[in-house]
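Only one structure is covered here, and it is reproduced in the block below.
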Amino acid sequence: DDVVRIVVGNTSIGVAKYYFESPQDNPTVFIDVSNLPELTKITTSSDSATFGAAVTLNSMMDTLAQNASSPIAAALAEHLSHVANNQVRNVASWAGNIVMHMHHRWFPSDVMTILTAAQAQVVVSNGVQQTTMSLPDLMTAGLKHDEIVYSVTIPFGTPGQLAFHTYKVESRHQNSHALVNAGFNMQVGADATIGTALFVYGNLDKGIRTCPNTAAYLQGKPLNADTLQGALPVLSKEVVVGPAPPTEGRNFVVVSAEYRQMLATTLFYKFFLAAAASFASATPVPPRLKTAYEEFERGVSSGTTYYVPDEKEAPVSDYIVKIGALSQAAGEAVYTTDVQASNSAILFASPVQSQVAAGGIEKIDASAALALPGVVAFVSAKDVQAIGGQNDCGAFPGDEEIFASTEVVHAGQCLGVIVAETQQLARRAAKLVVPTYSAPQTPPVFTITEAIKAKSYLPDNKYQTHIHQMNRGNVTTGFAASDVTYSGTMSTPMQYHFYMETQNSLAVPGENGTMQMWTSSQGPASVRNAVATAINKTHSQLTVTTTRTGGGFGGKLSRDIPPACAVAVAAVKLNKPVRMRLDRNQDMAYQGKRHSMYIEYKVGAKKDGTLEALQATVYTNGGASYDDTLGTMDMCTLWFDNCYFTPNYQTNAVCLKTNLPPNTAMRGPGALQGVFFMETMVDRVANELGLSPIAVREANFYQVGQTTPYKQKFEYVQLQAVWKELMSMADVTARQAAVAKFNEANRFRKRGIHVTPAKYPMSLPGYSVGTIITIAADGSVKVVTSGVEVGQGLNTKVSQMIAYELGIPMDLITFGPVSTDKIPNFSNTGGSGTSESACASARMACETLLKNLAPIKSKYPQATWQELIKYAVAAGVTLNAQSMFSPKPGPNNFTYFVWAAACTEVEIDVLTGAVQIVRADIAYDCGESLNPAVDIGQIQGAFIQGVGYFLTEEVTTLSGRMVNTGTWDYKPPQSLDIPIEFNVHLMANEPNPVASSILGSKASGEPPLLTSCSVFFAVKDAIRAARVENGLGSGHFDVVPPLTLDKVQAATGVSPDMLNFQDK
């Protein structure tokens, strides 16, 4: 009864799980054939190449590239370079890709599509006889139990008599599966007469699709414009996209039928133009259509960075590589998962997650899981009560349960955890737990629209309140005084944090009721407080330690707490160490996202673009509990005005409750959405009035002496200086002219360029950051801070500050982990101010140490540092100091403002909707940067995270359940998605003028995220250029982020009747 899988690289294990389950998905026996000579053999001749079934994709690609004189070989080699990534191609076989498609027809196999188009022939063998057949025939016949795919032969075709091209439309520019793929093979005579042809599409629906009617129509006809016009209707009738796959149990995304249908036409059009351009006797292709069939050109990424360090403060303000960067790159850095902190065998937990979004819990049957050898226990809500704890882990008492007890309120919610001897076993067993649900008392709501209709709110309570309305002036008077008013709506999406290290914790019970925990967290003290309540311990009985966190972006400010509590409960129940690390699918299903928001607005202006009045109501989807929703909405309210003075101003804020996982803080929470909404309105005013968006923005910039809607007066405004720097470094005026020229010269390729500013208020009151500095007898320094190193370079900046204050080299300084037994009470690491607060705290501790050392220094003025410490130790001087930086609130809401501006230029393919970022320039007011290397890295990283938000990262849900819980269909940007040219300038000689600033510095974690708005509006400008050409005019239109390929293509207004040989 064994299920046998023959493998080469077994890479399908990371993909097949997303598709409808096949019997072959759960093998019990693996047979590795990667070294069988018969299956790894490659033979080539002048007219073909034959590859054994175990030949890897990279080996196939390299062989085909060596035969690039063949149009088939050259095209296949190029296409294969876009399949998966280099690591996968090194071990994955072409045959494995084919067979996976055989078992999972919705899997969009590039290999299947392009080899079919090449008319490749496969050999199937049962060890006795071999059968040769086409790939479509293989799909029809299938493989018998005693058969394997043995080899494939690819014909090279005849150069000069063949047009062969393949296409892959993908969500991002690398390591992404096809939304639709295609391969076109057409014989062309010397007189440009079309011969036989084969047109193959993949992922239009289930399996591949060929177009024999279209091929028959073309045969014998000339390769010209009239033939194209005749073929398109035939193709349209032949290629009718089928329905989407069933939603039940689906864990993969299929783009809309309309988009797939349109791609079938536009890809054929690209091919026909490319074929015509290849044969001199065919109808000439107008120059404006050349880029219609060409691929994007992308050279090696480049860029410049500009900064001016303050030599007087060295090593502060020096460009120093982040401490730990090399150990992280080498895999030597210790994360929570690496901690082995117990002599006892560590058990492993895996969550049992609800697959429904709402319902009463009738029963949870864990018997099948518990029957597996090595499974230790199922831990649920009743176990919390049994140990005397509270099943509570939310933002305030009663907000959220650790384990769902009587009802489920969102998909992905934890019903309990399975504890087993291995992590793999725990995960497998968790899937065997069967919950039984009753119907929910009220229908679940998922969207903002549904929540508004159902009046499902998150009201203020005794623990949390938020700003409901922000007013300035009189909006009624303002609208009356306006020359024009415009009303509209806009929405923003959710976004997953996509930290590299998923949620994970280790709990180790100790003696006398104590417990040691290690957790990947931005707030170890918050974890301790919540866990203490969950397991009925005092804070002092718990020690929570974080070595470092592999990314957080706000996702580990509060959402780390429920998994940590679950692990702690299991550890107490079993009195054994328990570790739980969510895999990516579990993490994405459980984890709240960046809040989606929706705005209804009205804006009034003078004819010159000066803003007169603004009225807006913002709704946010908080999910199933409060978490940080009210705080996020406050940030949206307070950041909403961005860089613009509007004399008559009103914003309203409404927080909604839905049956989604509780949404939570994410880098620039609320701020990004609010600023984007403001930029949307300003951009609309400019567009509707036919004015320059740059001029309209400049006309409304804040000036010194003006006040914000929350009545904070601007004592200084560095925006104009930043804006001027950007306009110069980005050469905006000349590039705008170049973009217009490009658009005039290209029919189906358009560019857009846009400039946006950003204002980010920063408040240091509210931070409580502690530092302990200990000097050893040899002069080396050990530092512990309460600021968690989450990749933002906090330890590096603190090290620079200590080296500066004590006058010692940085290599004498080492750091210990953040731990609540060292510094017990402190604020979470978030909000962009922790690094500078940690530096301030370290500076305070250094001042104490220097005071202690002063008598020794006075006695031995010429002593080296090591000698000084030697004398101090002999004299009994205290050589450790502890400090807490916890500034008190001042008269203003915010301590200072960060100013920035960005110019982004993009290029879009009108026929597919693909976007390429040509160039991005950012001018950033970092004050006197504490470390330009770290700050520039933060600026670049934040901008690219915004690129994902506005272009590629789309959260897809079905009945409240996230479908794309993994890297297969959720696509954060990668290296080929960054701007081809990326320039960042830090403002020179512009220290933070606020006296309480840390050596004149400013934050760099979240503020630069707001500059990514320029990407959205640059794409919108490119779309507008296409709309003008497509007869839709240059007027206002709405398109909502993320601007995925289907949205971009649809917004351009391109239609099949425009696909011809005309250049207009």
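Here, A, B, ... name the chains of the structure tokens in the order displayed, residue numbers run from 1 inside each chain, and ligands are numbered from 1 in the same displayed order.
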
(message) Give me the residues near range 804-818 of chain A as number ranges by chain, where near means some atom within 9 Å (using only C-alpha atoms) and where sequence neighbours in that chain fewer than 4 positions away do not count.
(response) A: 313-316, 524, 544-548, 779-789, 795, 799-800, 822-823, 843, 846-847, 849-850, 865

Just write the chosen residues, N, CA, C and O atoms, as a short mmCIF file (atom, residue, chain, number, x, y, z; two decimals), in the first residue's frame.
```
data_model
loop_
_atom_site.label_atom_id
_atom_site.label_comp_id
_atom_site.auth_asym_id
_atom_site.auth_seq_id
_atom_site.Cartn_x
_atom_site.Cartn_y
_atom_site.Cartn_z
N GLU A 313 32.06 63.89 15.65
CA GLU A 313 31.30 62.95 16.46
C GLU A 313 31.70 61.49 16.20
O GLU A 313 31.03 60.57 16.66
N ALA A 314 32.74 61.28 15.45
CA ALA A 314 33.16 59.91 15.11
C ALA A 314 33.39 59.09 16.38
O ALA A 314 33.90 59.62 17.37
N PRO A 315 32.99 57.80 16.35
CA PRO A 315 32.45 57.05 15.21
C PRO A 315 30.96 57.26 14.94
O PRO A 315 30.43 56.70 14.00
N VAL A 316 30.29 58.06 15.83
CA VAL A 316 28.91 58.42 15.50
C VAL A 316 28.91 59.20 14.20
O VAL A 316 29.81 60.02 13.95
N PRO A 524 9.55 42.01 24.61
CA PRO A 524 9.65 40.91 25.59
C PRO A 524 8.93 41.20 26.90
O PRO A 524 8.38 40.27 27.51
N VAL A 544 11.80 36.52 30.14
CA VAL A 544 11.60 36.45 28.70
C VAL A 544 12.80 37.09 28.02
O VAL A 544 13.17 38.23 28.33
N THR A 545 13.40 36.33 27.12
CA THR A 545 14.64 36.77 26.46
C THR A 545 14.44 36.77 24.95
O THR A 545 13.81 35.86 24.39
N THR A 546 14.99 37.78 24.32
CA THR A 546 15.01 37.84 22.85
C THR A 546 16.45 38.08 22.42
O THR A 546 17.04 39.11 22.75
N THR A 547 17.00 37.13 21.70
CA THR A 547 18.39 37.28 21.23
C THR A 547 18.45 38.34 20.14
O THR A 547 19.23 39.26 20.18
N ARG A 548 17.66 38.18 19.16
CA ARG A 548 17.42 39.13 18.07
C ARG A 548 16.14 38.67 17.39
O ARG A 548 15.68 37.55 17.59
N GLY A 779 39.03 45.99 30.19
CA GLY A 779 38.59 47.17 29.45
C GLY A 779 37.51 46.90 28.43
O GLY A 779 36.98 47.84 27.82
N SER A 780 37.17 45.63 28.23
CA SER A 780 36.08 45.32 27.30
C SER A 780 34.75 45.70 27.95
O SER A 780 34.62 45.76 29.18
N VAL A 781 33.76 45.96 27.08
CA VAL A 781 32.49 46.51 27.54
C VAL A 781 31.35 45.60 27.11
O VAL A 781 31.26 45.22 25.94
N LYS A 782 30.49 45.24 28.07
CA LYS A 782 29.30 44.43 27.77
C LYS A 782 28.08 45.33 27.93
O LYS A 782 27.94 46.05 28.93
N VAL A 783 27.20 45.25 26.94
CA VAL A 783 26.03 46.14 26.91
C VAL A 783 24.76 45.30 26.81
O VAL A 783 24.68 44.35 26.03
N VAL A 784 23.79 45.67 27.59
CA VAL A 784 22.43 45.14 27.46
C VAL A 784 21.50 46.33 27.37
O VAL A 784 21.55 47.23 28.22
N THR A 785 20.67 46.35 26.34
CA THR A 785 19.64 47.38 26.25
C THR A 785 18.28 46.69 26.22
O THR A 785 18.19 45.48 26.04
N SER A 786 17.23 47.48 26.37
CA SER A 786 15.89 46.91 26.25
C SER A 786 15.36 47.09 24.83
O SER A 786 14.25 46.66 24.53
N GLY A 787 16.15 47.69 23.97
CA GLY A 787 15.77 47.82 22.57
C GLY A 787 16.14 46.56 21.81
O GLY A 787 17.29 46.10 21.85
N VAL A 788 15.18 45.98 21.13
CA VAL A 788 15.41 44.71 20.43
C VAL A 788 16.02 44.98 19.06
O VAL A 788 15.55 45.84 18.31
N GLU A 789 17.07 44.24 18.74
CA GLU A 789 17.66 44.31 17.40
C GLU A 789 16.77 43.52 16.46
O GLU A 789 16.72 42.29 16.51
N ASN A 795 21.78 48.01 17.72
CA ASN A 795 23.02 47.73 18.45
C ASN A 795 24.21 48.46 17.86
O ASN A 795 25.12 48.87 18.57
N SER A 799 26.43 51.04 19.92
CA SER A 799 27.86 50.81 20.01
C SER A 799 28.64 52.06 19.61
O SER A 799 29.63 52.44 20.26
N GLN A 800 28.21 52.70 18.54
CA GLN A 800 28.88 53.94 18.11
C GLN A 800 28.77 55.01 19.19
O GLN A 800 29.74 55.73 19.46
N LYS A 822 17.18 41.33 33.32
CA LYS A 822 18.22 42.37 33.35
C LYS A 822 17.58 43.75 33.46
O LYS A 822 17.92 44.55 34.33
N ILE A 823 16.67 44.03 32.55
CA ILE A 823 15.91 45.28 32.57
C ILE A 823 14.44 44.85 32.58
O ILE A 823 13.93 44.32 31.60
N ARG A 843 23.95 56.85 26.42
CA ARG A 843 24.73 58.06 26.72
C ARG A 843 24.62 58.40 28.20
O ARG A 843 25.62 58.81 28.84
N CYS A 846 26.81 56.06 30.11
CA CYS A 846 28.21 56.44 29.93
C CYS A 846 28.59 57.63 30.80
O CYS A 846 29.71 57.68 31.35
N GLU A 847 27.67 58.56 30.93
CA GLU A 847 27.94 59.73 31.78
C GLU A 847 28.17 59.30 33.23
O GLU A 847 29.05 59.84 33.92
N LEU A 849 29.32 56.33 34.18
CA LEU A 849 30.62 55.66 34.22
C LEU A 849 31.77 56.66 34.18
O LEU A 849 32.77 56.51 34.90
N LEU A 850 31.65 57.66 33.33
CA LEU A 850 32.71 58.67 33.25
C LEU A 850 32.83 59.44 34.55
O LEU A 850 33.95 59.81 34.97
N TRP A 865 43.09 53.43 27.91
CA TRP A 865 41.80 52.95 28.42
C TRP A 865 41.99 51.70 29.28
O TRP A 865 41.46 51.61 30.40
#
```

Set out as JSON lines a contact list for range 381-442 of chain A and range 948-967 of chain A with a cut-off of 9 Å, giving each residue of range 381-442 of chain A that qualifies its closest atom pair and distance in Å to one decimal, counting only C-alpha atoms, ordered by chain and rising residue number.
```
{"residue": "A:His410", "atom": "CA", "partner": "A:Gly960", "partner_atom": "CA", "distance": 7.1}
{"residue": "A:Ala411", "atom": "CA", "partner": "A:Arg961", "partner_atom": "CA", "distance": 5.3}
{"residue": "A:Gly412", "atom": "CA", "partner": "A:Arg961", "partner_atom": "CA", "distance": 7.3}
```

(message) Just want the 9 Å neighbourhood of Pro563 in chain A, counted on only C-alpha atoms, with same-chain residues fewer than 4 positions away dropped. Output as a ChimeraX atom specification.
(response) /A:351,402,414,503-505,559,567-568,580-582

(message) Could you pull out the strand (DSSP E) residues of range 539-787 of chain A, going by DSSP on the backbone, and write them as a ChimeraX atom specification?
(response) /A:542-546,578-581,597-605,611-621,648-656,749-762,769-775,781-785

(request) Might you pull out every residue within 10 Å of range 352-359 of chain A, with only C-alpha atoms counted and same-chain residues fewer than 6 positions away left off, and present them as a PyMOL selection string? (result) chain A and resi 249+366+378-380+403-404+406-418+426-427+429-446+586+589-590+624+658-661+958-962

Test item: residues at most 8 Å from Gly96 in chain A, only C-alpha atoms, excluding those fewer than 3 positions along its chain, as a JSON list (two decimals) with N, CA, C and O atoms, in the first residue's frame:
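Printed below is selection18.json as written:
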```
[["chain", "number", "residue", "atom", "x", "y", "z"],
["A", 7, "VAL", "N", 11.90, 10.79, -7.26],
["A", 7, "VAL", "CA", 12.30, 12.19, -7.13],
["A", 7, "VAL", "C", 13.70, 12.42, -7.68],
["A", 7, "VAL", "O", 14.53, 11.50, -7.74],
["A", 8, "VAL", "N", 13.93, 13.67, -8.06],
["A", 8, "VAL", "CA", 15.27, 14.14, -8.40],
["A", 8, "VAL", "C", 15.67, 15.19, -7.36],
["A", 8, "VAL", "O", 16.60, 15.00, -6.58],
["A", 12, "SER", "N", 8.91, 19.72, -5.65],
["A", 12, "SER", "CA", 7.45, 19.86, -5.70],
["A", 12, "SER", "C", 6.83, 19.92, -4.31],
["A", 12, "SER", "O", 5.69, 20.37, -4.15],
["A", 53, "ALA", "N", 15.13, 12.01, -18.06],
["A", 53, "ALA", "CA", 14.10, 12.56, -17.18],
["A", 53, "ALA", "C", 14.67, 13.20, -15.91],
["A", 53, "ALA", "O", 14.04, 14.06, -15.31],
["A", 92, "ALA", "N", 15.95, 20.64, -9.51],
["A", 92, "ALA", "CA", 14.65, 20.20, -10.04],
["A", 92, "ALA", "C", 14.80, 19.70, -11.47],
["A", 92, "ALA", "O", 15.54, 20.28, -12.28],
["A", 93, "SER", "N", 14.08, 18.65, -11.79],
["A", 93, "SER", "CA", 14.14, 18.09, -13.14],
["A", 93, "SER", "C", 12.97, 18.60, -13.98],
["A", 93, "SER", "O", 11.90, 18.92, -13.46],
["A", 99, "VAL", "N", 5.34, 16.04, -14.56],
["A", 99, "VAL", "CA", 4.51, 15.10, -13.82],
["A", 99, "VAL", "C", 3.69, 15.81, -12.75],
["A", 99, "VAL", "O", 2.54, 15.43, -12.48],
["A", 100, "MET", "N", 4.24, 16.86, -12.14],
["A", 100, "MET", "CA", 3.46, 17.61, -11.18],
["A", 100, "MET", "C", 2.24, 18.24, -11.86],
["A", 100, "MET", "O", 1.14, 18.26, -11.30]]
```

(request) Considering only C-alpha atoms, return as a list of chain:residue names whatever protein or nucleic-acid residues lie within 6 Å of range 117-124 of chain A, sequence-local ones (same chain, fewer than 6 positions apart) excluded. (result)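 In the requested form, the answer reads A:Gln130, A:Thr131, A:Thr132, A:Met133, A:Ser134, A:Ile148, A:Val149, A:Tyr150, A:Ser151, A:Val152, A:Thr153, A:Ile154, A:Gly183, A:Phe184, A:Val200.
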
Residue selection dump (N, CA, C and O atoms) as a short mmCIF file (atom, residue, chain, number, x, y, z; two decimals), in the first residue's frame:
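Full text of part_25.cif as output:
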```
data_model
loop_
_atom_site.label_atom_id
_atom_site.label_comp_id
_atom_site.auth_asym_id
_atom_site.auth_seq_id
_atom_site.Cartn_x
_atom_site.Cartn_y
_atom_site.Cartn_z
N GLN A 130 9.41 0.99 -24.65
CA GLN A 130 9.35 2.44 -24.61
C GLN A 130 8.31 2.91 -25.62
O GLN A 130 8.19 2.37 -26.71
N THR A 131 7.59 3.96 -25.23
CA THR A 131 6.57 4.54 -26.09
C THR A 131 6.85 6.02 -26.26
O THR A 131 7.07 6.73 -25.27
N THR A 132 6.86 6.49 -27.48
CA THR A 132 7.10 7.91 -27.77
C THR A 132 5.76 8.59 -28.05
O THR A 132 4.92 8.05 -28.78
N MET A 133 5.58 9.76 -27.46
CA MET A 133 4.32 10.49 -27.65
C MET A 133 4.53 11.98 -27.41
O MET A 133 5.57 12.41 -26.87
N SER A 134 3.54 12.76 -27.81
CA SER A 134 3.59 14.20 -27.54
C SER A 134 3.20 14.44 -26.08
O SER A 134 2.61 13.57 -25.43
N ILE A 148 7.37 5.22 -16.18
CA ILE A 148 7.98 6.49 -15.82
C ILE A 148 8.23 7.29 -17.10
O ILE A 148 8.29 6.73 -18.19
N VAL A 149 8.36 8.61 -16.94
CA VAL A 149 8.85 9.43 -18.04
C VAL A 149 10.35 9.18 -18.14
O VAL A 149 11.08 9.28 -17.14
N TYR A 150 10.79 8.84 -19.34
CA TYR A 150 12.19 8.42 -19.51
C TYR A 150 13.05 9.52 -20.12
O TYR A 150 14.18 9.75 -19.67
N SER A 151 12.54 10.21 -21.14
CA SER A 151 13.34 11.25 -21.80
C SER A 151 12.44 12.15 -22.62
O SER A 151 11.24 11.87 -22.80
N VAL A 152 13.00 13.22 -23.10
CA VAL A 152 12.31 14.13 -24.02
C VAL A 152 13.29 14.55 -25.11
O VAL A 152 14.48 14.77 -24.84
N THR A 153 12.78 14.64 -26.33
CA THR A 153 13.58 15.13 -27.45
C THR A 153 12.97 16.43 -27.97
O THR A 153 11.77 16.49 -28.25
N ILE A 154 13.83 17.43 -28.06
CA ILE A 154 13.38 18.76 -28.51
C ILE A 154 13.97 19.04 -29.88
O ILE A 154 15.20 19.10 -30.03
N GLY A 183 3.39 29.55 -25.67
CA GLY A 183 4.45 29.24 -26.62
C GLY A 183 3.85 29.18 -28.02
O GLY A 183 2.83 28.51 -28.22
N PHE A 184 4.47 29.90 -28.96
CA PHE A 184 3.93 29.98 -30.32
C PHE A 184 5.00 29.52 -31.32
O PHE A 184 6.14 29.99 -31.28
N VAL A 200 0.12 27.46 -28.11
CA VAL A 200 -0.14 26.78 -26.83
C VAL A 200 -0.24 27.82 -25.71
O VAL A 200 0.62 28.70 -25.60
#
```

(message) Which residues are near range 530-539 of chain A? Cut-off 7 Å, only C-alpha atoms, ignore same chain within fewer than 4 positions. Put them as a PyMOL selection string.
(response) chain A and resi 387-393+526+561+565+568-569

I need the residues of range 765-866 of chain A that end up classed as alpha helix (DSSP H) by DSSP on the backbone, written out as a PDB file with C-alpha atoms, in the first residue's frame.
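Once everything was written out, this is out23.pdb:
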```pdb
ATOM      1  CA  LEU A 794      20.015  49.477  16.914  1.00  0.00           C
ATOM      2  CA  ASN A 795      23.018  47.730  18.454  1.00  0.00           C
ATOM      3  CA  THR A 796      25.320  49.318  15.902  1.00  0.00           C
ATOM      4  CA  LYS A 797      24.154  52.835  16.699  1.00  0.00           C
ATOM      5  CA  VAL A 798      24.346  52.184  20.438  1.00  0.00           C
ATOM      6  CA  SER A 799      27.861  50.813  20.014  1.00  0.00           C
ATOM      7  CA  GLN A 800      28.876  53.939  18.112  1.00  0.00           C
ATOM      8  CA  MET A 801      27.396  56.145  20.820  1.00  0.00           C
ATOM      9  CA  ILE A 802      29.214  54.296  23.623  1.00  0.00           C
ATOM     10  CA  ALA A 803      32.494  54.364  21.695  1.00  0.00           C
ATOM     11  CA  TYR A 804      32.039  58.110  21.160  1.00  0.00           C
ATOM     12  CA  GLU A 805      31.197  58.835  24.789  1.00  0.00           C
ATOM     13  CA  LEU A 806      33.861  56.620  26.374  1.00  0.00           C
ATOM     14  CA  THR A 834      13.767  53.056  19.837  1.00  0.00           C
ATOM     15  CA  SER A 835      17.225  53.315  18.282  1.00  0.00           C
ATOM     16  CA  GLU A 836      17.720  56.958  19.166  1.00  0.00           C
ATOM     17  CA  SER A 837      16.143  56.388  22.594  1.00  0.00           C
ATOM     18  CA  ALA A 838      18.561  53.515  23.198  1.00  0.00           C
ATOM     19  CA  CYS A 839      21.422  55.801  22.197  1.00  0.00           C
ATOM     20  CA  ALA A 840      20.177  58.426  24.644  1.00  0.00           C
ATOM     21  CA  SER A 841      19.909  55.816  27.366  1.00  0.00           C
ATOM     22  CA  ALA A 842      23.410  54.518  26.621  1.00  0.00           C
ATOM     23  CA  ARG A 843      24.729  58.061  26.720  1.00  0.00           C
ATOM     24  CA  MET A 844      23.238  58.515  30.191  1.00  0.00           C
ATOM     25  CA  ALA A 845      24.901  55.304  31.411  1.00  0.00           C
ATOM     26  CA  CYS A 846      28.211  56.439  29.927  1.00  0.00           C
ATOM     27  CA  GLU A 847      27.942  59.734  31.780  1.00  0.00           C
ATOM     28  CA  THR A 848      27.590  57.791  35.023  1.00  0.00           C
ATOM     29  CA  LEU A 849      30.624  55.659  34.221  1.00  0.00           C
ATOM     30  CA  LEU A 850      32.706  58.668  33.250  1.00  0.00           C
ATOM     31  CA  LYS A 851      31.737  60.338  36.498  1.00  0.00           C
ATOM     32  CA  ASN A 852      32.852  57.247  38.393  1.00  0.00           C
ATOM     33  CA  LEU A 853      36.123  57.164  36.452  1.00  0.00           C
ATOM     34  CA  ALA A 854      36.828  60.883  36.739  1.00  0.00           C
ATOM     35  CA  PRO A 855      39.018  60.670  39.883  1.00  0.00           C
ATOM     36  CA  ILE A 856      41.117  57.897  38.353  1.00  0.00           C
ATOM     37  CA  LYS A 857      41.405  59.832  35.092  1.00  0.00           C
ATOM     38  CA  SER A 858      42.505  62.884  37.003  1.00  0.00           C
ATOM     39  CA  LYS A 859      45.142  60.864  38.822  1.00  0.00           C
ATOM     40  CA  TRP A 865      41.802  52.954  28.425  1.00  0.00           C
ATOM     41  CA  GLN A 866      42.958  49.515  29.547  1.00  0.00           C
TER      42      GLN A 866
END
```

(request) Give me, please, the distance in Å between CA of Ser558 in chain A and CA of Ala395 in chain A, quoted to one decimal. (result) 7.8 Å
